[in-house]
Every structure is written in C-alpha cells, then in structure tokens.
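Report on one structure; see the data block that follows.
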Amino acid sequence: MSSKVDFLIGFIVGGLIGAGLGLLFAPQSGEETREMLKDKFLELKEKAEKVPEAIKKETQQFIQKGKEALDEKKVEL
C-alpha cells in the first residue's frame, strides 16, 4: 500500500525540487518565471489531488484482503 503512495509523494517533492533548481539557473525574465511557476504549481496541484484517492483505494484493497483472510480462518475453525 505505502509503496505507491510513497512514490507519488516522492514524485511531487522531486518535482518541486526540480522546479526550484530550474528557477535558480534559468536565464529568463521575471514575467516568464512567474508564468512558469504558475504552470508548475497547477501541474503539481493536480498530481497532489490524486494522492488521497490512491490512499483510499489502497486502504480499501487492504481491508478486503483482511476480510478474505478472516473468512478463510473462520472456515478452518
């Protein structure tokens, strides 16, 4: 469960770090920089909004597996 969530979080953090480094070393005007920041922010916001859904899906799968394991143990008893 956590490997997918960890990947998404790492991806978002990596994107933020990459965008920051790109801004520091980019030879462009302030207006272009602001536009790039706006675009990157919107992109990262969309990705971040998907994280709770991924967590919900993984949790539901975990619960389902737990229920199945419990049912199997009931049959054994």
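Starting from 1 in every chain, residues are counted up; chains themselves are A, B, ... following the order of the structure tokens, and ligands are numbered from 1 as listed.
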Quiz item: Leaving out range 15-26 of chain A and any residue of its chain fewer than 2 positions from it, which residues lie within 8 Å of it when counting only C-alpha atoms, given as a list in words?
Solution: Phe11, Ile12, Val13, Gln28, Thr33, Leu37, Lys40 and Leu44 of chain A
Given the selection you just returned, output its residues as a file containing N, CA and C atoms, formatted as a PDB file, in the first residue's frame.
```pdb
ATOM      1  N   PHE A  11       7.444  11.739  -6.003  1.00  0.00           N
ATOM      2  CA  PHE A  11       7.335  12.363  -7.316  1.00  0.00           C
ATOM      3  C   PHE A  11       7.000  13.845  -7.186  1.00  0.00           C
ATOM      4  N   ILE A  12       6.084  14.152  -6.301  1.00  0.00           N
ATOM      5  CA  ILE A  12       5.676  15.548  -6.090  1.00  0.00           C
ATOM      6  C   ILE A  12       6.829  16.357  -5.498  1.00  0.00           C
ATOM      7  N   VAL A  13       7.478  15.801  -4.475  1.00  0.00           N
ATOM      8  CA  VAL A  13       8.602  16.506  -3.847  1.00  0.00           C
ATOM      9  C   VAL A  13       9.730  16.692  -4.855  1.00  0.00           C
ATOM     10  N   GLN A  28      15.860  33.846 -17.648  1.00  0.00           N
ATOM     11  CA  GLN A  28      14.633  34.355 -18.249  1.00  0.00           C
ATOM     12  C   GLN A  28      14.108  35.540 -17.448  1.00  0.00           C
ATOM     13  N   THR A  33       9.267  33.762 -15.650  1.00  0.00           N
ATOM     14  CA  THR A  33       9.452  32.938 -14.454  1.00  0.00           C
ATOM     15  C   THR A  33       8.139  32.776 -13.703  1.00  0.00           C
ATOM     16  N   LEU A  37       6.213  29.332 -13.010  1.00  0.00           N
ATOM     17  CA  LEU A  37       5.832  28.941 -11.650  1.00  0.00           C
ATOM     18  C   LEU A  37       4.351  28.602 -11.570  1.00  0.00           C
ATOM     19  N   LYS A  40       3.786  25.194 -13.258  1.00  0.00           N
ATOM     20  CA  LYS A  40       4.304  24.093 -12.439  1.00  0.00           C
ATOM     21  C   LYS A  40       3.421  23.882 -11.205  1.00  0.00           C
ATOM     22  N   LEU A  44       1.554  20.390 -10.332  1.00  0.00           N
ATOM     23  CA  LEU A  44       1.788  19.690  -9.077  1.00  0.00           C
ATOM     24  C   LEU A  44       0.515  19.595  -8.239  1.00  0.00           C
TER      25      LEU A  44
END
```
Self-check item: Point-to-point distance from CA of Ile63 in chain A to CA of Val75 in chain A, Å rounded to tenths
Solution: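 Calculated distance between CA of Ile63 in chain A and CA of Val75 in chain A is 18.6 Å.
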Quiz item: Hey, what's within 12 Å of Ala54 in chain A if we count only C-alpha atoms and toss same-chain stuff fewer than 2 positions away? As an MDAnalysis selection string, please?
Solution: chainID A and resid 1:9 47:52 56:61
